[in-house]
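Note: the block below is my_file_12.cif and it holds mmCIF, C-alpha atoms.
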```cif
data_protein
#
loop_
_atom_site.label_atom_id
_atom_site.label_comp_id
_atom_site.auth_asym_id
_atom_site.auth_seq_id
_atom_site.Cartn_x
_atom_site.Cartn_y
_atom_site.Cartn_z
CA MET R 1 0.00 0.00 0.00
CA THR R 2 1.34 3.38 -0.98
CA LYS R 3 1.65 5.80 1.89
CA ILE R 4 -0.17 9.09 1.40
CA ASP R 5 1.33 12.33 2.64
CA PHE R 6 -1.76 14.34 3.42
CA ASN R 7 0.35 17.51 3.46
CA ASN R 8 0.25 17.26 -0.33
CA TYR R 9 -3.53 17.67 -0.15
CA MET R 10 -3.58 20.58 2.23
CA ASN R 11 -3.55 23.77 0.23
CA GLN R 12 -1.47 26.22 2.22
CA PRO R 13 -0.48 28.96 -0.21
CA ASN R 14 1.97 31.60 0.89
CA MET R 15 -0.58 34.36 0.53
CA LYS R 16 0.17 37.94 1.43
CA PRO R 17 -2.95 40.10 1.64
CA ILE R 18 -3.22 42.64 -1.16
CA GLN R 19 -2.61 46.16 0.06
CA VAL R 20 -2.47 49.48 -1.77
CA MET R 21 -2.47 51.96 1.13
CA ASN R 22 -0.68 51.24 4.41
CA GLU R 23 -1.59 52.30 7.94
CA LYS R 24 0.19 55.64 7.50
CA GLY R 25 -1.88 56.58 4.48
CA GLU R 26 1.01 55.91 2.10
CA ILE R 27 0.59 54.22 -1.27
CA VAL R 28 2.73 51.11 -1.13
CA ASN R 29 1.65 49.47 -4.38
CA GLN R 30 1.25 52.01 -7.15
CA ASP R 31 0.79 49.26 -9.74
CA LEU R 32 -2.47 48.25 -8.07
CA PHE R 33 -3.73 51.77 -7.44
CA PRO R 34 -7.32 51.85 -8.74
CA ASP R 35 -8.34 54.04 -11.64
CA LEU R 36 -10.26 56.58 -9.56
CA THR R 37 -10.37 60.34 -10.05
CA ASP R 38 -9.75 62.75 -7.18
CA ASP R 39 -13.50 63.36 -6.95
CA GLN R 40 -14.13 59.62 -6.74
CA LEU R 41 -11.51 59.21 -4.03
CA VAL R 42 -13.24 61.91 -1.97
CA ASP R 43 -16.63 60.34 -2.69
CA LEU R 44 -15.43 56.96 -1.45
CA PHE R 45 -14.08 58.48 1.74
CA LYS R 46 -17.34 60.35 2.31
CA LYS R 47 -19.24 57.07 2.08
CA MET R 48 -16.91 55.55 4.67
CA LEU R 49 -17.38 58.52 6.97
CA TRP R 50 -21.13 58.31 6.39
CA GLU R 51 -21.04 54.70 7.57
CA ARG R 52 -19.04 55.56 10.70
CA ILE R 53 -21.52 58.31 11.61
CA LEU R 54 -24.46 56.02 10.87
CA ASN R 55 -22.96 53.44 13.20
CA GLU R 56 -22.55 55.97 16.02
CA ARG R 57 -26.06 57.34 15.59
CA SER R 58 -27.64 53.88 15.25
CA THR R 59 -25.96 52.79 18.47
CA LYS R 60 -27.41 55.79 20.30
CA LEU R 61 -30.85 55.24 18.78
CA ASN R 62 -30.74 51.63 19.90
CA ARG R 63 -29.81 52.64 23.45
CA GLN R 64 -32.69 55.10 23.43
CA GLY R 65 -35.09 52.31 22.55
CA ARG R 66 -35.86 53.80 19.14
CA LEU R 67 -34.12 51.05 17.13
CA GLY R 68 -34.25 47.31 17.59
CA PHE R 69 -31.69 44.83 16.30
CA TYR R 70 -28.39 46.39 15.30
CA ALA R 71 -24.98 44.96 14.35
CA PRO R 72 -22.19 47.59 14.66
CA THR R 73 -20.00 48.22 11.62
CA ALA R 74 -17.30 50.57 12.97
CA GLY R 75 -13.93 49.36 11.67
CA GLU R 76 -15.38 47.66 8.60
CA GLU R 77 -15.97 50.77 6.49
CA ALA R 78 -13.16 50.02 4.02
CA SER R 79 -14.37 46.45 3.56
CA GLU R 80 -18.01 47.42 3.07
CA MET R 81 -17.81 50.71 1.20
CA GLY R 82 -14.72 49.71 -0.78
CA SER R 83 -16.45 46.59 -2.09
CA SER R 84 -19.84 48.20 -2.70
CA TYR R 85 -18.19 51.09 -4.56
CA ALA R 86 -17.38 48.58 -7.29
CA MET R 87 -21.04 47.53 -7.48
CA GLU R 88 -23.19 48.63 -10.40
CA LYS R 89 -26.80 49.76 -10.03
CA GLU R 90 -28.10 46.70 -11.87
CA ASP R 91 -26.10 44.23 -9.76
CA PHE R 92 -28.03 42.16 -7.22
CA LEU R 93 -27.16 42.43 -3.52
CA LEU R 94 -27.98 39.78 -0.93
CA PRO R 95 -26.85 41.27 2.39
CA ALA R 96 -26.42 39.82 5.85
CA TYR R 97 -27.40 41.65 9.03
CA ARG R 98 -24.16 43.66 9.22
CA ASP R 99 -24.54 44.89 5.66
CA ILE R 100 -27.14 47.62 6.07
CA PRO R 101 -24.67 50.30 4.84
CA GLN R 102 -24.10 48.50 1.53
CA LEU R 103 -27.84 48.01 1.11
CA VAL R 104 -28.57 51.71 1.68
CA GLN R 105 -25.79 52.74 -0.70
CA HIS R 106 -27.33 50.40 -3.26
CA GLY R 107 -30.54 52.43 -3.12
CA PHE R 108 -32.55 51.06 -0.18
CA PRO R 109 -34.10 54.02 1.70
CA LEU R 110 -32.50 54.65 5.09
CA ASP R 111 -35.87 55.07 6.79
CA ARG R 112 -36.84 51.57 5.68
CA ALA R 113 -33.55 50.25 7.01
CA PHE R 114 -34.53 51.69 10.39
CA LEU R 115 -37.96 50.09 10.06
CA TRP R 116 -36.31 46.74 9.31
CA SER R 117 -34.37 47.10 12.55
CA ILE R 118 -37.52 47.52 14.62
CA GLY R 119 -39.38 44.71 12.84
CA HIS R 120 -41.86 46.81 10.86
CA TYR R 121 -43.20 45.15 7.72
CA MET R 122 -42.34 48.22 5.63
CA GLY R 123 -38.69 47.47 6.39
CA GLY R 124 -39.01 44.44 4.16
CA GLN R 125 -40.46 46.27 1.18
CA ILE R 126 -37.72 46.65 -1.42
CA PRO R 127 -38.33 49.38 -4.04
CA ASP R 128 -38.75 48.05 -7.57
CA ASP R 129 -35.59 49.78 -8.79
CA VAL R 130 -33.39 48.32 -6.02
CA HIS R 131 -32.02 44.90 -6.89
CA ALA R 132 -31.61 43.38 -3.45
CA THR R 133 -33.12 41.24 -0.74
CA THR R 134 -33.68 42.20 2.87
CA PRO R 135 -30.76 41.42 5.22
CA GLN R 136 -30.44 37.78 6.25
CA ILE R 137 -30.21 36.94 9.94
CA VAL R 138 -29.46 33.24 9.42
CA VAL R 139 -25.67 33.02 9.08
CA ALA R 140 -24.39 32.27 5.54
CA SER R 141 -27.88 31.46 4.21
CA ALA R 142 -27.54 34.17 1.58
CA THR R 143 -24.57 32.29 0.09
CA VAL R 144 -26.88 29.63 -1.32
CA GLN R 145 -29.42 32.21 -2.45
CA THR R 146 -26.69 34.20 -4.18
CA ALA R 147 -25.66 31.18 -6.20
CA GLY R 148 -29.25 30.83 -7.37
CA VAL R 149 -29.64 34.52 -8.22
CA ALA R 150 -26.36 34.48 -10.10
CA LEU R 151 -27.48 31.44 -12.08
CA GLY R 152 -30.57 33.39 -13.07
CA LEU R 153 -28.40 36.30 -14.19
CA LYS R 154 -26.30 33.93 -16.27
CA LYS R 155 -29.35 32.38 -17.92
CA LYS R 156 -30.61 35.84 -18.77
CA LYS R 157 -27.17 36.70 -20.17
CA SER R 158 -27.21 39.78 -17.98
CA PRO R 159 -23.89 41.68 -17.69
CA THR R 160 -24.33 41.86 -13.94
CA VAL R 161 -23.23 40.00 -10.81
CA ALA R 162 -24.73 38.92 -7.50
CA TYR R 163 -23.01 40.21 -4.36
CA THR R 164 -23.19 38.69 -0.90
CA TYR R 165 -21.37 38.97 2.42
CA THR R 166 -20.76 36.83 5.45
CA GLY R 167 -18.34 36.87 8.36
CA ASP R 168 -15.49 34.52 9.18
CA GLY R 169 -17.90 32.39 11.21
CA GLY R 170 -20.11 32.03 8.16
CA THR R 171 -17.43 29.98 6.40
CA SER R 172 -17.97 27.26 9.02
CA GLU R 173 -21.60 26.84 7.99
CA GLY R 174 -22.77 24.18 5.57
CA ASP R 175 -24.66 26.74 3.51
CA PHE R 176 -21.39 28.49 2.75
CA TYR R 177 -19.78 25.46 1.13
CA GLU R 178 -22.94 24.45 -0.66
CA GLY R 179 -23.36 27.93 -2.09
CA ILE R 180 -19.83 28.42 -3.37
CA ASN R 181 -19.71 24.81 -4.61
CA PHE R 182 -22.86 25.29 -6.69
CA ALA R 183 -21.61 28.65 -7.94
CA GLY R 184 -18.26 27.19 -8.93
CA GLU R 185 -19.76 24.22 -10.75
CA PHE R 186 -22.12 26.37 -12.81
CA LYS R 187 -19.59 29.21 -13.21
CA VAL R 188 -22.11 31.84 -12.23
CA PRO R 189 -21.35 35.58 -11.90
CA ALA R 190 -21.18 35.94 -8.11
CA LEU R 191 -18.86 37.65 -5.63
CA PHE R 192 -18.67 36.10 -2.17
CA PHE R 193 -17.20 38.46 0.42
CA VAL R 194 -15.98 37.04 3.71
CA GLN R 195 -15.49 39.88 6.16
CA ASN R 196 -12.98 38.28 8.49
CA ASN R 197 -13.24 40.46 11.59
CA GLY R 198 -11.56 37.86 13.75
CA TYR R 199 -14.53 36.54 15.68
CA ALA R 200 -17.76 34.62 15.14
CA ILE R 201 -19.47 36.46 17.98
CA SER R 202 -16.97 35.34 20.66
CA VAL R 203 -15.26 32.43 18.90
CA PRO R 204 -11.88 33.50 17.49
CA ARG R 205 -11.02 32.71 13.90
CA ARG R 206 -8.22 30.32 14.93
CA LYS R 207 -10.72 28.05 16.70
CA GLN R 208 -13.13 27.81 13.77
CA THR R 209 -10.99 26.11 11.17
CA ALA R 210 -7.51 24.70 10.61
CA ALA R 211 -7.35 26.39 7.20
CA GLN R 212 -4.47 28.82 6.89
CA THR R 213 -6.75 31.37 5.25
CA LEU R 214 -10.45 31.60 4.55
CA ALA R 215 -9.80 32.64 0.97
CA GLN R 216 -8.24 29.30 0.18
CA LYS R 217 -11.58 27.60 0.84
CA GLY R 218 -12.47 28.64 -2.67
CA VAL R 219 -9.82 26.23 -3.99
CA ALA R 220 -11.92 23.28 -2.79
CA VAL R 221 -14.70 24.20 -5.21
CA GLY R 222 -12.50 25.38 -8.05
CA ILE R 223 -12.92 29.12 -7.74
CA PRO R 224 -10.36 31.87 -7.11
CA GLY R 225 -9.91 32.88 -3.48
CA ILE R 226 -8.10 36.10 -2.73
CA GLN R 227 -7.16 37.82 0.53
CA VAL R 228 -7.10 41.61 0.88
CA ASP R 229 -6.34 44.15 3.60
CA GLY R 230 -9.88 44.91 4.70
CA MET R 231 -8.84 48.17 6.36
CA ASP R 232 -7.58 49.51 3.00
CA ALA R 233 -10.51 50.82 0.96
CA LEU R 234 -8.42 51.22 -2.20
CA ALA R 235 -7.25 47.62 -2.10
CA VAL R 236 -10.76 46.30 -1.42
CA TYR R 237 -12.21 48.38 -4.24
CA MET R 238 -9.50 47.31 -6.66
CA VAL R 239 -9.96 43.62 -5.91
CA ALA R 240 -13.77 43.89 -6.02
CA LYS R 241 -13.68 45.75 -9.31
CA ALA R 242 -11.33 43.23 -10.90
CA ALA R 243 -13.36 40.31 -9.54
CA ARG R 244 -16.55 41.79 -10.91
CA GLU R 245 -14.98 42.10 -14.37
CA TRP R 246 -13.78 38.50 -14.13
CA ALA R 247 -17.27 37.27 -13.22
CA VAL R 248 -19.08 39.32 -15.87
CA ALA R 249 -16.68 37.94 -18.49
CA GLY R 250 -18.07 34.47 -17.82
CA ASN R 251 -15.23 33.10 -15.71
CA GLY R 252 -17.37 32.27 -12.72
CA PRO R 253 -17.43 33.44 -9.10
CA VAL R 254 -14.69 34.79 -6.83
CA LEU R 255 -14.25 34.42 -3.08
CA ILE R 256 -12.77 37.53 -1.42
CA GLU R 257 -11.58 37.50 2.19
CA THR R 258 -11.22 40.97 3.69
CA LEU R 259 -9.08 41.13 6.83
CA THR R 260 -10.90 43.64 8.99
CA TYR R 261 -12.09 44.23 12.56
CA ARG R 262 -15.24 45.31 14.34
CA TYR R 263 -14.51 47.80 17.09
CA GLY R 264 -17.82 47.25 18.82
CA PRO R 265 -19.74 44.15 19.95
CA HIS R 266 -21.11 41.53 17.60
CA THR R 267 -24.56 43.06 18.03
CA LEU R 268 -26.16 45.36 20.58
CA SER R 269 -28.27 42.46 21.85
CA GLY R 270 -26.12 41.56 24.83
CA ASP R 271 -22.65 40.78 23.46
CA ASP R 272 -19.70 42.06 25.52
CA PRO R 273 -16.41 41.92 23.55
CA LYS R 274 -14.38 42.64 26.69
CA ARG R 275 -15.06 39.05 27.74
CA TYR R 276 -13.14 37.58 24.80
CA ARG R 277 -10.90 40.37 23.41
CA THR R 278 -8.01 42.16 25.04
CA ALA R 279 -7.50 45.91 25.17
CA ASP R 280 -4.08 45.45 23.54
CA GLU R 281 -5.62 43.66 20.59
CA GLU R 282 -8.20 46.35 20.09
CA GLU R 283 -5.56 49.07 20.30
CA GLU R 284 -3.49 47.37 17.60
CA TRP R 285 -6.45 47.39 15.25
CA ARG R 286 -7.29 51.00 16.13
CA LYS R 287 -3.92 51.89 14.64
CA LYS R 288 -5.12 50.37 11.37
CA ASP R 289 -8.34 52.40 11.31
CA PRO R 290 -9.56 52.67 7.69
CA LEU R 291 -10.81 56.23 8.11
CA ILE R 292 -7.58 57.55 9.62
CA ARG R 293 -5.36 56.20 6.84
CA PHE R 294 -7.67 57.37 4.05
CA ARG R 295 -8.15 60.78 5.65
CA THR R 296 -4.36 61.16 5.98
CA TYR R 297 -3.89 60.28 2.32
CA LEU R 298 -6.52 62.75 1.11
CA ASP R 299 -5.20 65.48 3.40
CA HIS R 300 -1.69 65.11 1.98
CA LYS R 301 -3.14 65.42 -1.52
CA GLY R 302 -5.03 68.56 -0.51
CA LEU R 303 -8.38 66.88 -1.18
CA TRP R 304 -9.82 66.95 2.36
CA ASN R 305 -9.78 69.23 5.39
CA GLU R 306 -11.51 69.78 8.73
CA ASP R 307 -14.12 72.16 7.34
CA MET R 308 -15.14 69.66 4.68
CA GLU R 309 -15.44 66.95 7.31
CA LYS R 310 -17.53 69.13 9.61
CA ASN R 311 -19.89 70.09 6.79
CA TRP R 312 -20.25 66.47 5.74
CA GLU R 313 -20.94 65.32 9.29
CA GLU R 314 -23.71 67.91 9.59
CA ALA R 315 -25.25 66.78 6.30
CA VAL R 316 -25.15 63.12 7.30
CA ASN R 317 -26.70 63.79 10.69
CA LYS R 318 -29.52 65.71 9.03
CA GLU R 319 -30.08 62.79 6.67
CA ILE R 320 -30.26 60.39 9.62
CA ASP R 321 -32.61 62.69 11.55
CA ALA R 322 -34.97 62.92 8.58
CA ALA R 323 -34.91 59.17 7.99
CA MET R 324 -35.61 58.42 11.64
CA GLU R 325 -38.51 60.88 11.69
CA THR R 326 -40.00 59.21 8.62
CA ALA R 327 -39.58 55.78 10.20
CA GLU R 328 -41.18 56.82 13.46
CA ASN R 329 -44.15 58.28 11.58
CA ALA R 330 -44.80 55.04 9.68
CA PRO R 331 -48.27 53.51 10.07
CA GLN R 332 -48.64 51.45 13.22
CA GLN R 333 -48.62 47.74 12.44
CA LYS R 334 -51.80 45.73 12.85
CA VAL R 335 -52.40 42.01 13.05
CA SER R 336 -54.59 42.27 9.98
CA ASP R 337 -51.64 43.69 8.03
CA PHE R 338 -49.60 40.53 8.59
CA TYR R 339 -52.43 38.34 7.35
CA LYS R 340 -52.84 40.48 4.24
CA LEU R 341 -49.12 40.55 3.50
CA SER R 342 -48.72 36.79 3.84
CA TYR R 343 -50.84 35.89 0.82
CA SER R 344 -51.00 36.98 -2.80
CA GLU R 345 -54.47 35.43 -2.96
CA ILE R 346 -56.16 35.44 0.44
CA PRO R 347 -58.02 32.20 1.33
CA GLU R 348 -61.58 32.52 2.58
CA SER R 349 -60.62 31.31 6.07
CA ILE R 350 -57.87 33.92 6.34
CA GLN R 351 -60.15 36.65 5.05
CA ALA R 352 -62.50 35.80 7.89
CA LYS R 353 -59.64 36.34 10.36
CA ILE R 354 -58.81 39.65 8.69
CA ASP R 355 -62.41 40.78 8.98
CA GLU R 356 -62.45 39.77 12.63
CA CYS R 357 -59.22 41.66 13.36
CA GLU R 358 -60.37 44.77 11.55
CA LYS R 359 -63.66 44.69 13.42
CA GLU R 360 -61.68 44.71 16.66
CA GLY R 361 -59.33 47.42 15.37
CA LYS R 362 -56.37 45.07 15.26
#
```
Show how you would write the structure in this file as C-alpha cells.
Amino acid sequence: MTKIDFNNYMNQPNMKPIQVMNEKGEIVNQDLFPDLTDDQLVDLFKKMLWERILNERSTKLNRQGRLGFYAPTAGEEASEMGSSYAMEKEDFLLPAYRDIPQLVQHGFPLDRAFLWSIGHYMGGQIPDDVHATTPQIVVASATVQTAGVALGLKKKKSPTVAYTYTGDGGTSEGDFYEGINFAGEFKVPALFFVQNNGYAISVPRRKQTAAQTLAQKGVAVGIPGIQVDGMDALAVYMVAKAAREWAVAGNGPVLIETLTYRYGPHTLSGDDPKRYRTADEEEEWRKKDPLIRFRTYLDHKGLWNEDMEKNWEEAVNKEIDAAMETAENAPQQKVSDFYKLSYSEIPESIQAKIDECEKEGK
C-alpha cells in the first residue's frame, strides 16, 4: 500500500494580503492603485465617513429604545464601502445583518432600514428599482441564495453579478460550502465576500478552522480565493472591481476574504467583547483604522480638510434625523396587516380572520 502524505492535499499557499495603502496613508503598491479620479476618491471616503456616523447614531438610537436589532460596523468601512463602490446599479445584492450600509448605498431608503431594525413590515419592502433582498439573519444562508440569483443572471445573459457577504464564522456553515460549490460548478457571476473580523461572535477565527486562510476555501470548489487588507478601501475596491470584471466575463465566481475588525460588539443584543478580546488587541487594530489612513492620504493630496469633514458630518446627521422621523411616523402595524401581506391570494378562512381583526381594530 502506498503511503499518502496528506500535506500534499492541504492547500497552504503563501498568501500575502493585497494592500495598496498602508496604515500611515502611504501608497505602497502604485501598480495596483485603482483608476479613480480625485473626486471619486473623496466620494469613497465620504461614504466611509457616512457609515461611521451612521454606526454611532444607530448605536445611540438603539440605546434610546428607538431602534431594535443592530450589528455595529465601525472598523469595517473600508471592507463594506470599498467593495460596494465597485457595485453597479443593476447588480443584485444579498446582504447579511451587518450589511445595512451597503444596502442603503445600493438604493434602499434609510428610513426603511430603520424600520427593518424595529421589525416593521415596511422594512421588508424593497423598491422596484433596487435589486436586493432584505438582510439575512441566518448566518451564511444568503450564500446559497446568491448562487441561485447568479445562475438566473447567467441564464438571462445579464452583464451583472450577484453580491453577498458573510463573516469569518459564516465559512464554518454548511450553507457556505454548498453555495460556493454550486456557484463554482455552474460558473455563475457571483462575488462572495468574507469579512474576516476575527470573531464569530466570541469564537476567534483560529478556533473555527484549521485552514491557513479563509480565501483558500475557494480552492476546494474550483474558484479563485483572494485575501485583501480589509482596512484599506483602495485595495478592497481594486480587488472587487477586478473580480466583478472576471465574473461578468463568464469566468465564474470569486471568493474575497477581507481582513478587517469590528470595534464594537457583535450586536447590541447583549454581546460584551471585553469578555473575549483584550485591550491590547483592540488598540493594535485601532492603529489600522480605515478612516484615519484614508483621511491622511486625502489630506496630503489637498483633497480633504476639517471644514469639509464638519460640513459632511452635519449633512449626514440631518439625513439620519430625517430618515428616523419618517420611520417613526410610519403607520402602526396591525395584526390584519400581517395576514394580508402573507398571501398573494387570500383564502376565505384567512379573510374571515382579517375581517375579525379589523372589526376589533387590530
Once the PyMOL selection byres ((chain R and resi 130-142) around 8) has been applied to the shown file, what residues remain in the selection, as number ranges by chain?
R: 89-97, 99-100, 103, 106-108, 124, 126-129, 143-146, 164-166, 170-171, 173, 175-176
Saved selection, atoms kept: C-alpha atoms, as a PDB file, keeping the file's coordinate frame:
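So out09.pdb came out as:
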```
ATOM      1  CA  LYS R  89     -26.800  49.760 -10.030  1.00  0.00           C
ATOM      2  CA  GLU R  90     -28.100  46.700 -11.870  1.00  0.00           C
ATOM      3  CA  ASP R  91     -26.100  44.230  -9.760  1.00  0.00           C
ATOM      4  CA  PHE R  92     -28.030  42.160  -7.220  1.00  0.00           C
ATOM      5  CA  LEU R  93     -27.160  42.430  -3.520  1.00  0.00           C
ATOM      6  CA  LEU R  94     -27.980  39.780  -0.930  1.00  0.00           C
ATOM      7  CA  PRO R  95     -26.850  41.270   2.390  1.00  0.00           C
ATOM      8  CA  ALA R  96     -26.420  39.820   5.850  1.00  0.00           C
ATOM      9  CA  TYR R  97     -27.400  41.650   9.030  1.00  0.00           C
ATOM     10  CA  ASP R  99     -24.540  44.890   5.660  1.00  0.00           C
ATOM     11  CA  ILE R 100     -27.140  47.620   6.070  1.00  0.00           C
ATOM     12  CA  LEU R 103     -27.840  48.010   1.110  1.00  0.00           C
ATOM     13  CA  HIS R 106     -27.330  50.400  -3.260  1.00  0.00           C
ATOM     14  CA  GLY R 107     -30.540  52.430  -3.120  1.00  0.00           C
ATOM     15  CA  PHE R 108     -32.550  51.060  -0.180  1.00  0.00           C
ATOM     16  CA  GLY R 124     -39.010  44.440   4.160  1.00  0.00           C
ATOM     17  CA  ILE R 126     -37.720  46.650  -1.420  1.00  0.00           C
ATOM     18  CA  PRO R 127     -38.330  49.380  -4.040  1.00  0.00           C
ATOM     19  CA  ASP R 128     -38.750  48.050  -7.570  1.00  0.00           C
ATOM     20  CA  ASP R 129     -35.590  49.780  -8.790  1.00  0.00           C
ATOM     21  CA  THR R 143     -24.570  32.290   0.090  1.00  0.00           C
ATOM     22  CA  VAL R 144     -26.880  29.630  -1.320  1.00  0.00           C
ATOM     23  CA  GLN R 145     -29.420  32.210  -2.450  1.00  0.00           C
ATOM     24  CA  THR R 146     -26.690  34.200  -4.180  1.00  0.00           C
ATOM     25  CA  THR R 164     -23.190  38.690  -0.900  1.00  0.00           C
ATOM     26  CA  TYR R 165     -21.370  38.970   2.420  1.00  0.00           C
ATOM     27  CA  THR R 166     -20.760  36.830   5.450  1.00  0.00           C
ATOM     28  CA  GLY R 170     -20.110  32.030   8.160  1.00  0.00           C
ATOM     29  CA  THR R 171     -17.430  29.980   6.400  1.00  0.00           C
ATOM     30  CA  GLU R 173     -21.600  26.840   7.990  1.00  0.00           C
ATOM     31  CA  ASP R 175     -24.660  26.740   3.510  1.00  0.00           C
ATOM     32  CA  PHE R 176     -21.390  28.490   2.750  1.00  0.00           C
TER      33      PHE R 176
END
```
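Atom pair atom CA of Lys301 of chain R / atom CA of Asp289 of chain R has a distance of 19.0 Å (rounded to one decimal).
Here atom CA of Tyr163 of chain R stands at a distance of 27.2 Å from atom CA of Lys207 of chain R.
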Quick one: apply the PyMOL selection byres ((chain R and resi 251) around 12) to the file and drop the selected residues here as a ChimeraX atom specification.
/R:154,161,183-191,222-224,242-250,252-254
Would you save the residues of that selection, restricted to C-alpha atoms, as an mmCIF file, keeping the file's coordinate frame?
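What landed in result-v4.cif:
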```cif
data_model
loop_
_atom_site.group_PDB
_atom_site.id
_atom_site.type_symbol
_atom_site.label_atom_id
_atom_site.label_comp_id
_atom_site.auth_asym_id
_atom_site.auth_seq_id
_atom_site.Cartn_x
_atom_site.Cartn_y
_atom_site.Cartn_z
ATOM 1 C CA LYS R 154 -26.300 33.930 -16.270
ATOM 2 C CA VAL R 161 -23.230 40.000 -10.810
ATOM 3 C CA ALA R 183 -21.610 28.650 -7.940
ATOM 4 C CA GLY R 184 -18.260 27.190 -8.930
ATOM 5 C CA GLU R 185 -19.760 24.220 -10.750
ATOM 6 C CA PHE R 186 -22.120 26.370 -12.810
ATOM 7 C CA LYS R 187 -19.590 29.210 -13.210
ATOM 8 C CA VAL R 188 -22.110 31.840 -12.230
ATOM 9 C CA PRO R 189 -21.350 35.580 -11.900
ATOM 10 C CA ALA R 190 -21.180 35.940 -8.110
ATOM 11 C CA LEU R 191 -18.860 37.650 -5.630
ATOM 12 C CA GLY R 222 -12.500 25.380 -8.050
ATOM 13 C CA ILE R 223 -12.920 29.120 -7.740
ATOM 14 C CA PRO R 224 -10.360 31.870 -7.110
ATOM 15 C CA ALA R 242 -11.330 43.230 -10.900
ATOM 16 C CA ALA R 243 -13.360 40.310 -9.540
ATOM 17 C CA ARG R 244 -16.550 41.790 -10.910
ATOM 18 C CA GLU R 245 -14.980 42.100 -14.370
ATOM 19 C CA TRP R 246 -13.780 38.500 -14.130
ATOM 20 C CA ALA R 247 -17.270 37.270 -13.220
ATOM 21 C CA VAL R 248 -19.080 39.320 -15.870
ATOM 22 C CA ALA R 249 -16.680 37.940 -18.490
ATOM 23 C CA GLY R 250 -18.070 34.470 -17.820
ATOM 24 C CA GLY R 252 -17.370 32.270 -12.720
ATOM 25 C CA PRO R 253 -17.430 33.440 -9.100
ATOM 26 C CA VAL R 254 -14.690 34.790 -6.830
#
```
Atom CA of Tyr177 of chain R sits from atom CA of Glu88 of chain R at a separation of 26.1 Å
Answer as a PDB file with C-alpha atoms, in the frame of the given file, residues within 6 Å of (-17.7, 46.7, 13.7) using all atoms listed in the file:
```
ATOM      1  CA  PRO R  72     -22.190  47.590  14.660  1.00  0.00           C
ATOM      2  CA  THR R  73     -20.000  48.220  11.620  1.00  0.00           C
ATOM      3  CA  ALA R  74     -17.300  50.570  12.970  1.00  0.00           C
ATOM      4  CA  GLY R  75     -13.930  49.360  11.670  1.00  0.00           C
ATOM      5  CA  GLU R  76     -15.380  47.660   8.600  1.00  0.00           C
ATOM      6  CA  ARG R 262     -15.240  45.310  14.340  1.00  0.00           C
ATOM      7  CA  TYR R 263     -14.510  47.800  17.090  1.00  0.00           C
ATOM      8  CA  GLY R 264     -17.820  47.250  18.820  1.00  0.00           C
TER       9      GLY R 264
END
```
Please write the residues picked by the PyMOL selection byres ((chain R and resi 61) around 12) on this file as a ChimeraX atom specification.
/R:54-60,62-70,114,117-118,268,320-321,324-325,328
Give me, as a list in words, all polymer residues having an atom no more than 12 Å from Glu360 of chain R, counting only C-alpha atoms and skipping those fewer than 6 positions away in the same chain.
Lys334, Val335, Ser336, Lys353 and Ile354 of chain R
What residues have an atom no more than 7 Å from (1.1, 47.2, -3.1) in the file's own frame, counting all atoms listed in the file, and can you write them as a list in words?
Ile18, Gln19, Val20, Val28, Asn29, Gln30, Asp31 and Leu32 of chain R
